[in-house]
Each structure stands twice: as C-alpha cells, then as structure tokens.
Amino acid sequence: MLSKVTIILMFATIGFGTGVAEAQRYTTHGRSVVRDPNFTFQKPVESWRERKTKHVVMQQRDYSCGAAALATLLRYYWGHNVNENMVLGVIENMLTDEELLERSSEGLTMADLESAAVKMGYKASVGEIKFSKLVESKVPVILVINLGGVNHFVVLRDIVGNCAFLADPLRGNTRVSTTTLQRTWVKNAILVVAPGDETQSYRSQMGVTAAERSEGYLNRQVIRRQITGVGTNR
C-alpha cells in the first residue's frame, strides 16, 4: 500500500588557411565546425561514453548501486548537490558494524535508502504498485531489477511507448523494452523521494530527449560500438 506522498508524486504534473585555424579554435573549445558555402553550424562535441553516463552518478563500489541511484535522483532530478559518498556516509552512521559487513557483501536494501533519504531531510516512501500505474508516474523513481541473477538498483527516468529509460549506476543511460522491465523488476517495489512538499522538479536533467527516443539513433550507437569497440568491455 502506497503512502500519501507516493500517490501525490506518482500523479503530479524534462579549405585550409583561416578555415583550418578557425576549426582548430572551435575544436579547442569543445565544438566542431561544419562548413558550407551558405552557413556555419557549430555543435558541441560529446563522446559516446559522455552520453552514456550523462546525468547518472556511476557507482564506485560493488555494493553501492543503491547509494548511486539515490544520489542520481537527488542530484539530477531535484537539483541538489549530492554524491554517492554523501549517501554512503549517512547509511554508515545508521547501521551497526555487523550490518555494514553484511551490506558490503549483499548490497543495500530499499529500507536503507528510504531511511537515508529521511535522515537527509527528504520525504521518502517504499511501496509496491502494478506496472500499469508505474507507466503513469510523472516523476523518476528508484527500482530494483534482477541483473544477471543479482538485485540491482536503477532509476526509472520514464516509459515511452514500449521502451523504459533507465539511469543505471553500472551501465549508464540504458533503454530496455517494457517487457524486459516487467520481467526483471523485483517485487514491483519502488522508492519515491521528494524534498518537503514538492511534487515535481523544475530543475530536472533526467528527461528523455528526442534523440534517445529515436530507435535509429540508438541503433547507430550499437553499430558504432560493434565496429569500433568503443564503449565495450574487453
């Protein structure tokens, strides 16, 4: 059964010569130049890895995906200066030495993250909902998915059509089918976190972009990785 804060959050309303010199100047500042007799177009240069991890707090420890997921939500949705170490510090002060040892091998729990968020001054609620209600969520929420037999925390950014967009502390920005999400989602559990009485953020950097929605865009990234090996584990 979801608490009042969860219900509110779920439904509240993201040539050469001078030409070369100029191109070098723009490249130095992180911009590339496309030359045409009629116009000059400048576009920020962003690597595949930068796109993959953009607005995601990547986990730094084997067991810290939960802390990184909470930090991602607080930092990139609510706009607060929170990192993984800050969340872990709060959790370490909450638990006994025996509990910390257990978490280092088994990972954090939803209850740990909920308690940490409350300790940090946020409202937080853990609940279970049907997938049909998850689709209607207007805010990012934290989920646990089964990833290769291991429970793993992610932030669900949004569901668009048959695709679920995740901010994954291990894999970065990831898109999976809704079928896959339903199959791997553990116990239909969610964690909703909000500061005070806010129900929606106007500082969010977690909205799904038009490029991410484009299947062709994502397919090109897959092909590029297959051809160049960029972004693959060796």
# chains A, B, ... in the order shown; residues from 1 in each chain; ligands from 1
$ closest_atom_pairs --of "region 115-192 of chain A" --to "region 61-79 of chain A" --cutoff "9 Å" --atoms "only C-alpha atoms" --output "CSV"
residue,atom,partner,partner_atom,distance
A:Ala117,CA,A:Leu70,CA,8.0
A:Val139,CA,A:Tyr77,CA,8.6
A:Pro140,CA,A:Leu73,CA,7.3
A:Val141,CA,A:Leu73,CA,7.8
A:Ile142,CA,A:Ala69,CA,7.0
A:Val144,CA,A:Gly66,CA,8.8
A:His152,CA,A:Cys65,CA,6.6
A:Phe153,CA,A:Gly66,CA,5.1
A:Val154,CA,A:Ala69,CA,5.7
A:Val155,CA,A:Ala69,CA,6.0
A:Ala167,CA,A:Ala69,CA,7.8
A:Asp168,CA,A:Ala69,CA,7.3
A:Pro169,CA,A:Cys65,CA,5.7
A:Leu170,CA,A:Cys65,CA,7.1
$ write_last_selection --atoms "N, CA and C atoms" --output "PDB file, in the first residue's frame"
ATOM      1  N   ALA A 117      17.373   8.667   2.975  1.00  0.00           N
ATOM      2  CA  ALA A 117      16.724   9.849   2.409  1.00  0.00           C
ATOM      3  C   ALA A 117      16.029  10.671   3.495  1.00  0.00           C
ATOM      4  N   VAL A 139       7.166  11.278 -12.210  1.00  0.00           N
ATOM      5  CA  VAL A 139       8.487  11.574 -11.662  1.00  0.00           C
ATOM      6  C   VAL A 139       9.356  10.324 -11.731  1.00  0.00           C
ATOM      7  N   PRO A 140      10.686  10.480 -11.806  1.00  0.00           N
ATOM      8  CA  PRO A 140      11.570   9.314 -11.748  1.00  0.00           C
ATOM      9  C   PRO A 140      11.458   8.621 -10.392  1.00  0.00           C
ATOM     10  N   VAL A 141      11.567   7.311 -10.398  1.00  0.00           N
ATOM     11  CA  VAL A 141      11.511   6.530  -9.159  1.00  0.00           C
ATOM     12  C   VAL A 141      12.645   5.511  -9.169  1.00  0.00           C
ATOM     13  N   ILE A 142      13.006   5.043  -7.989  1.00  0.00           N
ATOM     14  CA  ILE A 142      14.054   4.033  -7.863  1.00  0.00           C
ATOM     15  C   ILE A 142      13.416   2.651  -7.845  1.00  0.00           C
ATOM     16  N   VAL A 144      14.307  -1.816  -8.108  1.00  0.00           N
ATOM     17  CA  VAL A 144      15.289  -2.891  -8.043  1.00  0.00           C
ATOM     18  C   VAL A 144      14.987  -3.840  -9.193  1.00  0.00           C
ATOM     19  N   HIS A 152      19.720  -5.234  -8.336  1.00  0.00           N
ATOM     20  CA  HIS A 152      20.472  -4.043  -8.743  1.00  0.00           C
ATOM     21  C   HIS A 152      19.539  -2.834  -8.767  1.00  0.00           C
ATOM     22  N   PHE A 153      19.977  -1.720  -8.160  1.00  0.00           N
ATOM     23  CA  PHE A 153      19.172  -0.502  -8.123  1.00  0.00           C
ATOM     24  C   PHE A 153      19.372   0.330  -9.385  1.00  0.00           C
ATOM     25  N   VAL A 154      18.270   0.852  -9.910  1.00  0.00           N
ATOM     26  CA  VAL A 154      18.306   1.775 -11.044  1.00  0.00           C
ATOM     27  C   VAL A 154      17.272   2.867 -10.805  1.00  0.00           C
ATOM     28  N   VAL A 155      17.400   3.954 -11.558  1.00  0.00           N
ATOM     29  CA  VAL A 155      16.372   4.992 -11.549  1.00  0.00           C
ATOM     30  C   VAL A 155      15.586   4.878 -12.850  1.00  0.00           C
ATOM     31  N   ALA A 167      18.338   5.207 -15.679  1.00  0.00           N
ATOM     32  CA  ALA A 167      19.638   5.756 -15.288  1.00  0.00           C
ATOM     33  C   ALA A 167      20.258   4.694 -14.391  1.00  0.00           C
ATOM     34  N   ASP A 168      21.193   3.953 -14.945  1.00  0.00           N
ATOM     35  CA  ASP A 168      21.742   2.772 -14.285  1.00  0.00           C
ATOM     36  C   ASP A 168      23.140   3.090 -13.750  1.00  0.00           C
ATOM     37  N   PRO A 169      23.364   2.982 -12.442  1.00  0.00           N
ATOM     38  CA  PRO A 169      24.676   3.306 -11.869  1.00  0.00           C
ATOM     39  C   PRO A 169      25.810   2.423 -12.377  1.00  0.00           C
ATOM     40  N   LEU A 170      25.478   1.290 -12.989  1.00  0.00           N
ATOM     41  CA  LEU A 170      26.503   0.391 -13.519  1.00  0.00           C
ATOM     42  C   LEU A 170      26.686   0.562 -15.020  1.00  0.00           C
TER      43      LEU A 170
END
$ closest_atom_pairs --of "region 95-145 of chain A" --to "region 185-196 of chain A" --cutoff "9 Å" --atoms "only C-alpha atoms" --output "CSV"
residue,atom,partner,partner_atom,distance
A:Met110,CA,A:Leu191,CA,7.1
A:Leu113,CA,A:Leu191,CA,8.2
A:Glu114,CA,A:Leu191,CA,7.1
A:Ala117,CA,A:Val193,CA,7.2
A:Val118,CA,A:Val193,CA,8.8
A:Gly121,CA,A:Pro195,CA,7.1
A:Tyr122,CA,A:Pro195,CA,4.6
A:Lys123,CA,A:Ala194,CA,5.3
A:Ala124,CA,A:Val193,CA,4.4
A:Ser125,CA,A:Val192,CA,5.4
A:Val126,CA,A:Leu191,CA,4.5
A:Gly127,CA,A:Ile190,CA,5.5
A:Glu128,CA,A:Ala189,CA,4.4
A:Ile129,CA,A:Asn188,CA,5.8
A:Lys130,CA,A:Asn188,CA,6.6
A:Phe131,CA,A:Asn188,CA,7.4
A:Leu134,CA,A:Ile190,CA,8.9
A:Val139,CA,A:Val192,CA,8.5
A:Pro140,CA,A:Val192,CA,7.9
A:Val141,CA,A:Val192,CA,5.3
A:Ile142,CA,A:Leu191,CA,5.0
A:Leu143,CA,A:Ile190,CA,5.0
A:Val144,CA,A:Val186,CA,5.6
A:Ile145,CA,A:Trp185,CA,4.4
$ residues_around --residues "Thr180 (chain A)" --least-positions-apart "6" --cutoff "10 Å" --atoms "only C-alpha atoms" --output "VMD selection string"
chain A and resid 145 162 to 164
$ residues_around --residues "Glu92 (chain A)" --least-positions-apart "4" --cutoff "12 Å" --atoms "only C-alpha atoms" --output "VMD selection string"
chain A and resid 64 67 85 to 88 96 to 104 108 112 to 113 115 to 116 119
$ write_last_selection --atoms "C-alpha atoms" --output "CSV table (one decimal), in the first residue's frame"
chain,number,residue,atom,x,y,z
A,64,SER,CA,26.9,0.9,-3.8
A,67,ALA,CA,23.6,4.8,-3.0
A,85,ASN,CA,29.8,9.2,-0.8
A,86,MET,CA,27.4,11.5,1.0
A,87,VAL,CA,24.6,8.9,0.8
A,88,LEU,CA,27.0,6.1,2.0
A,96,THR,CA,25.9,-1.4,13.1
A,97,ASP,CA,29.3,-2.8,12.2
A,98,GLU,CA,27.7,-6.2,11.6
A,99,GLU,CA,25.0,-4.7,9.3
A,100,LEU,CA,27.7,-2.8,7.4
A,101,LEU,CA,29.6,-6.0,6.8
A,102,GLU,CA,26.5,-7.7,5.6
A,103,ARG,CA,25.7,-4.8,3.2
A,104,SER,CA,29.2,-4.8,1.8
A,108,LEU,CA,21.9,-2.1,0.3
A,112,ASP,CA,18.3,1.5,3.8
A,113,LEU,CA,17.8,4.0,1.0
A,115,SER,CA,15.9,5.7,5.9
A,116,ALA,CA,18.9,7.5,4.4
A,119,LYS,CA,17.9,11.3,7.5
$ atom_distance --atom1 "CA of Phe165 (chain A)" --atom2 "CA of Thr209 (chain A)"
10.4 Å
$ select_by_dssp --residues "region 18-222 of chain A" --states "strand (DSSP E or B)" --output "MDAnalysis selection string"
chainID A and resid 31:35 40:44 122:128 141:147 150:160 163:168 172:177 185:195
$ closest_residue --among "A:Asn151, A:Arg157, A:Gln205, A:Asn146" --to "Thr174 (chain A)" --atoms "only C-alpha atoms"
A:Arg157
$ atom_distance --atom1 "CA of Lys133 (chain A)" --atom2 "CA of Ser177 (chain A)"
16.7 Å
$ select_by_dssp --residues "region 59-148 of chain A" --states "alpha helix (DSSP H)" --output "JSON, numbers by chain"
{"A": [65, 66, 67, 68, 69, 70, 71, 72, 84, 85, 86, 87, 88, 89, 90, 91, 92, 93, 94, 97, 98, 99, 100, 101, 102, 103, 104, 105, 106, 110, 111, 112, 113, 114, 115, 116, 117, 118, 119, 131, 132, 133, 134, 135]}
$ atom_distance --atom1 "CA of Val176 (chain A)" --atom2 "CA of Gln59 (chain A)"
19.9 Å
$ decode --residues "region 16-169 of chain A" --atoms "C-alpha atoms" --output "PDB file, in the first residue's frame"
ATOM      1  CA  PHE A  16      42.832  25.348 -45.321  1.00  0.00           C
ATOM      2  CA  GLY A  17      44.317  28.574 -44.018  1.00  0.00           C
ATOM      3  CA  THR A  18      41.875  30.594 -41.956  1.00  0.00           C
ATOM      4  CA  GLY A  19      39.289  27.824 -42.236  1.00  0.00           C
ATOM      5  CA  VAL A  20      41.609  25.315 -40.576  1.00  0.00           C
ATOM      6  CA  ALA A  21      42.664  27.827 -37.942  1.00  0.00           C
ATOM      7  CA  GLU A  22      39.047  28.632 -37.135  1.00  0.00           C
ATOM      8  CA  ALA A  23      38.144  24.950 -36.978  1.00  0.00           C
ATOM      9  CA  GLN A  24      41.024  24.348 -34.599  1.00  0.00           C
ATOM     10  CA  ARG A  25      39.878  27.259 -32.442  1.00  0.00           C
ATOM     11  CA  TYR A  26      36.365  25.846 -32.156  1.00  0.00           C
ATOM     12  CA  THR A  27      37.630  22.330 -31.541  1.00  0.00           C
ATOM     13  CA  THR A  28      39.784  23.622 -28.692  1.00  0.00           C
ATOM     14  CA  HIS A  29      36.619  24.879 -27.028  1.00  0.00           C
ATOM     15  CA  GLY A  30      34.849  21.541 -27.453  1.00  0.00           C
ATOM     16  CA  ARG A  31      32.923  22.448 -30.618  1.00  0.00           C
ATOM     17  CA  SER A  32      33.132  21.099 -34.138  1.00  0.00           C
ATOM     18  CA  VAL A  33      32.539  23.184 -37.257  1.00  0.00           C
ATOM     19  CA  VAL A  34      30.564  22.030 -40.296  1.00  0.00           C
ATOM     20  CA  ARG A  35      31.457  24.167 -43.337  1.00  0.00           C
ATOM     21  CA  ASP A  36      29.062  25.023 -46.134  1.00  0.00           C
ATOM     22  CA  PRO A  37      29.128  27.940 -48.595  1.00  0.00           C
ATOM     23  CA  ASN A  38      25.863  29.194 -47.124  1.00  0.00           C
ATOM     24  CA  PHE A  39      26.214  28.652 -43.403  1.00  0.00           C
ATOM     25  CA  THR A  40      28.396  27.616 -40.500  1.00  0.00           C
ATOM     26  CA  PHE A  41      26.953  25.158 -37.990  1.00  0.00           C
ATOM     27  CA  GLN A  42      28.502  24.582 -34.580  1.00  0.00           C
ATOM     28  CA  LYS A  43      27.637  21.535 -32.499  1.00  0.00           C
ATOM     29  CA  PRO A  44      29.031  20.512 -29.089  1.00  0.00           C
ATOM     30  CA  VAL A  45      31.346  17.529 -29.253  1.00  0.00           C
ATOM     31  CA  GLU A  46      30.247  14.761 -26.907  1.00  0.00           C
ATOM     32  CA  SER A  47      31.732  11.275 -26.808  1.00  0.00           C
ATOM     33  CA  TRP A  48      29.678   8.096 -26.627  1.00  0.00           C
ATOM     34  CA  ARG A  49      30.894   7.495 -23.081  1.00  0.00           C
ATOM     35  CA  GLU A  50      29.874  11.012 -22.040  1.00  0.00           C
ATOM     36  CA  ARG A  51      26.401  10.492 -23.469  1.00  0.00           C
ATOM     37  CA  LYS A  52      26.142   7.109 -21.814  1.00  0.00           C
ATOM     38  CA  THR A  53      26.921   8.419 -18.318  1.00  0.00           C
ATOM     39  CA  LYS A  54      25.406  11.899 -18.650  1.00  0.00           C
ATOM     40  CA  HIS A  55      23.321  12.815 -15.604  1.00  0.00           C
ATOM     41  CA  VAL A  56      23.988   9.469 -13.928  1.00  0.00           C
ATOM     42  CA  VAL A  57      26.001   9.028 -10.719  1.00  0.00           C
ATOM     43  CA  MET A  58      28.058   5.938 -11.516  1.00  0.00           C
ATOM     44  CA  GLN A  59      28.675   3.524  -8.661  1.00  0.00           C
ATOM     45  CA  GLN A  60      32.234   3.357  -7.332  1.00  0.00           C
ATOM     46  CA  ARG A  61      31.879   0.165  -5.279  1.00  0.00           C
ATOM     47  CA  ASP A  62      30.433  -3.263  -5.952  1.00  0.00           C
ATOM     48  CA  TYR A  63      27.702  -2.792  -3.359  1.00  0.00           C
ATOM     49  CA  SER A  64      26.915   0.905  -3.849  1.00  0.00           C
ATOM     50  CA  CYS A  65      24.432   0.888  -6.732  1.00  0.00           C
ATOM     51  CA  GLY A  66      21.666   1.851  -4.303  1.00  0.00           C
ATOM     52  CA  ALA A  67      23.570   4.849  -2.959  1.00  0.00           C
ATOM     53  CA  ALA A  68      24.462   5.923  -6.501  1.00  0.00           C
ATOM     54  CA  ALA A  69      20.834   5.561  -7.632  1.00  0.00           C
ATOM     55  CA  LEU A  70      19.620   7.741  -4.756  1.00  0.00           C
ATOM     56  CA  ALA A  71      22.357  10.294  -5.469  1.00  0.00           C
ATOM     57  CA  THR A  72      21.353  10.310  -9.155  1.00  0.00           C
ATOM     58  CA  LEU A  73      17.740  11.065  -8.283  1.00  0.00           C
ATOM     59  CA  LEU A  74      18.602  13.813  -5.799  1.00  0.00           C
ATOM     60  CA  ARG A  75      21.293  15.407  -7.948  1.00  0.00           C
ATOM     61  CA  TYR A  76      19.855  15.260 -11.445  1.00  0.00           C
ATOM     62  CA  TYR A  77      16.122  15.340 -10.812  1.00  0.00           C
ATOM     63  CA  TRP A  78      15.799  17.513  -7.724  1.00  0.00           C
ATOM     64  CA  GLY A  79      18.940  19.537  -8.471  1.00  0.00           C
ATOM     65  CA  HIS A  80      20.680  19.063  -5.118  1.00  0.00           C
ATOM     66  CA  ASN A  81      24.440  18.722  -4.681  1.00  0.00           C
ATOM     67  CA  VAL A  82      24.501  15.092  -3.539  1.00  0.00           C
ATOM     68  CA  ASN A  83      27.002  12.369  -4.407  1.00  0.00           C
ATOM     69  CA  GLU A  84      27.421   8.668  -3.676  1.00  0.00           C
ATOM     70  CA  ASN A  85      29.822   9.196  -0.769  1.00  0.00           C
ATOM     71  CA  MET A  86      27.381  11.507   0.993  1.00  0.00           C
ATOM     72  CA  VAL A  87      24.645   8.867   0.839  1.00  0.00           C
ATOM     73  CA  LEU A  88      27.010   6.113   1.970  1.00  0.00           C
ATOM     74  CA  GLY A  89      28.181   8.272   4.872  1.00  0.00           C
ATOM     75  CA  VAL A  90      24.607   8.652   6.114  1.00  0.00           C
ATOM     76  CA  ILE A  91      23.988   4.911   5.785  1.00  0.00           C
ATOM     77  CA  GLU A  92      27.226   4.017   7.574  1.00  0.00           C
ATOM     78  CA  ASN A  93      26.150   6.148  10.534  1.00  0.00           C
ATOM     79  CA  MET A  94      22.788   4.372  10.637  1.00  0.00           C
ATOM     80  CA  LEU A  95      23.991   0.774  10.646  1.00  0.00           C
ATOM     81  CA  THR A  96      25.934  -1.382  13.076  1.00  0.00           C
ATOM     82  CA  ASP A  97      29.319  -2.838  12.152  1.00  0.00           C
ATOM     83  CA  GLU A  98      27.681  -6.216  11.615  1.00  0.00           C
ATOM     84  CA  GLU A  99      25.037  -4.716   9.328  1.00  0.00           C
ATOM     85  CA  LEU A 100      27.677  -2.815   7.365  1.00  0.00           C
ATOM     86  CA  LEU A 101      29.639  -6.011   6.813  1.00  0.00           C
ATOM     87  CA  GLU A 102      26.501  -7.726   5.559  1.00  0.00           C
ATOM     88  CA  ARG A 103      25.671  -4.822   3.211  1.00  0.00           C
ATOM     89  CA  SER A 104      29.187  -4.805   1.762  1.00  0.00           C
ATOM     90  CA  SER A 105      28.655  -8.369   0.546  1.00  0.00           C
ATOM     91  CA  GLU A 106      24.902  -8.425  -0.120  1.00  0.00           C
ATOM     92  CA  GLY A 107      24.233  -4.803  -1.071  1.00  0.00           C
ATOM     93  CA  LEU A 108      21.949  -2.138   0.346  1.00  0.00           C
ATOM     94  CA  THR A 109      18.202  -2.543   0.798  1.00  0.00           C
ATOM     95  CA  MET A 110      15.254  -0.370  -0.181  1.00  0.00           C
ATOM     96  CA  ALA A 111      14.718   0.278   3.521  1.00  0.00           C
ATOM     97  CA  ASP A 112      18.320   1.519   3.829  1.00  0.00           C
ATOM     98  CA  LEU A 113      17.783   4.031   1.034  1.00  0.00           C
ATOM     99  CA  GLU A 114      14.430   5.148   2.411  1.00  0.00           C
ATOM    100  CA  SER A 115      15.922   5.717   5.869  1.00  0.00           C
ATOM    101  CA  ALA A 116      18.947   7.516   4.417  1.00  0.00           C
ATOM    102  CA  ALA A 117      16.724   9.849   2.409  1.00  0.00           C
ATOM    103  CA  VAL A 118      14.679  10.681   5.509  1.00  0.00           C
ATOM    104  CA  LYS A 119      17.876  11.301   7.506  1.00  0.00           C
ATOM    105  CA  MET A 120      18.955  13.704   4.767  1.00  0.00           C
ATOM    106  CA  GLY A 121      15.756  15.693   5.165  1.00  0.00           C
ATOM    107  CA  TYR A 122      13.636  14.262   2.356  1.00  0.00           C
ATOM    108  CA  LYS A 123      10.265  12.583   2.325  1.00  0.00           C
ATOM    109  CA  ALA A 124      10.606   9.002   1.138  1.00  0.00           C
ATOM    110  CA  SER A 125       8.240   6.102   0.688  1.00  0.00           C
ATOM    111  CA  VAL A 126       8.680   2.474  -0.371  1.00  0.00           C
ATOM    112  CA  GLY A 127       5.701   0.731  -1.913  1.00  0.00           C
ATOM    113  CA  GLU A 128       4.507  -1.868  -4.390  1.00  0.00           C
ATOM    114  CA  ILE A 129       2.486  -0.925  -7.465  1.00  0.00           C
ATOM    115  CA  LYS A 130       1.252  -2.529 -10.647  1.00  0.00           C
ATOM    116  CA  PHE A 131       3.139  -1.896 -13.859  1.00  0.00           C
ATOM    117  CA  SER A 132       0.140  -0.045 -15.303  1.00  0.00           C
ATOM    118  CA  LYS A 133       0.473   2.512 -12.503  1.00  0.00           C
ATOM    119  CA  LEU A 134       4.242   2.726 -12.904  1.00  0.00           C
ATOM    120  CA  VAL A 135       3.718   3.772 -16.522  1.00  0.00           C
ATOM    121  CA  GLU A 136       1.624   6.718 -15.293  1.00  0.00           C
ATOM    122  CA  SER A 137       4.359   8.035 -12.998  1.00  0.00           C
ATOM    123  CA  LYS A 138       5.213  11.685 -13.589  1.00  0.00           C
ATOM    124  CA  VAL A 139       8.487  11.574 -11.662  1.00  0.00           C
ATOM    125  CA  PRO A 140      11.570   9.314 -11.748  1.00  0.00           C
ATOM    126  CA  VAL A 141      11.511   6.530  -9.159  1.00  0.00           C
ATOM    127  CA  ILE A 142      14.054   4.033  -7.863  1.00  0.00           C
ATOM    128  CA  LEU A 143      13.506   0.367  -8.727  1.00  0.00           C
ATOM    129  CA  VAL A 144      15.289  -2.891  -8.043  1.00  0.00           C
ATOM    130  CA  ILE A 145      15.835  -5.120 -11.063  1.00  0.00           C
ATOM    131  CA  ASN A 146      17.362  -8.559 -11.362  1.00  0.00           C
ATOM    132  CA  LEU A 147      20.528  -8.111 -13.393  1.00  0.00           C
ATOM    133  CA  GLY A 148      22.238 -11.408 -14.154  1.00  0.00           C
ATOM    134  CA  GLY A 149      20.884 -13.011 -11.002  1.00  0.00           C
ATOM    135  CA  VAL A 150      21.825 -10.090  -8.754  1.00  0.00           C
ATOM    136  CA  ASN A 151      19.466  -7.441  -7.386  1.00  0.00           C
ATOM    137  CA  HIS A 152      20.472  -4.043  -8.743  1.00  0.00           C
ATOM    138  CA  PHE A 153      19.172  -0.502  -8.123  1.00  0.00           C
ATOM    139  CA  VAL A 154      18.306   1.775 -11.044  1.00  0.00           C
ATOM    140  CA  VAL A 155      16.372   4.992 -11.549  1.00  0.00           C
ATOM    141  CA  LEU A 156      13.433   4.730 -13.922  1.00  0.00           C
ATOM    142  CA  ARG A 157      13.533   8.013 -15.827  1.00  0.00           C
ATOM    143  CA  ASP A 158      10.451   7.474 -17.965  1.00  0.00           C
ATOM    144  CA  ILE A 159       8.480   4.981 -20.015  1.00  0.00           C
ATOM    145  CA  VAL A 160       7.815   5.979 -23.623  1.00  0.00           C
ATOM    146  CA  GLY A 161       5.775   3.584 -25.720  1.00  0.00           C
ATOM    147  CA  ASN A 162       7.277   0.126 -25.335  1.00  0.00           C
ATOM    148  CA  CYS A 163      10.600   1.420 -24.005  1.00  0.00           C
ATOM    149  CA  ALA A 164      11.749   2.073 -20.446  1.00  0.00           C
ATOM    150  CA  PHE A 165      14.603   4.533 -19.965  1.00  0.00           C
ATOM    151  CA  LEU A 166      16.865   3.819 -17.008  1.00  0.00           C
ATOM    152  CA  ALA A 167      19.638   5.756 -15.288  1.00  0.00           C
ATOM    153  CA  ASP A 168      21.742   2.772 -14.285  1.00  0.00           C
ATOM    154  CA  PRO A 169      24.676   3.306 -11.869  1.00  0.00           C
TER     155      PRO A 169
END
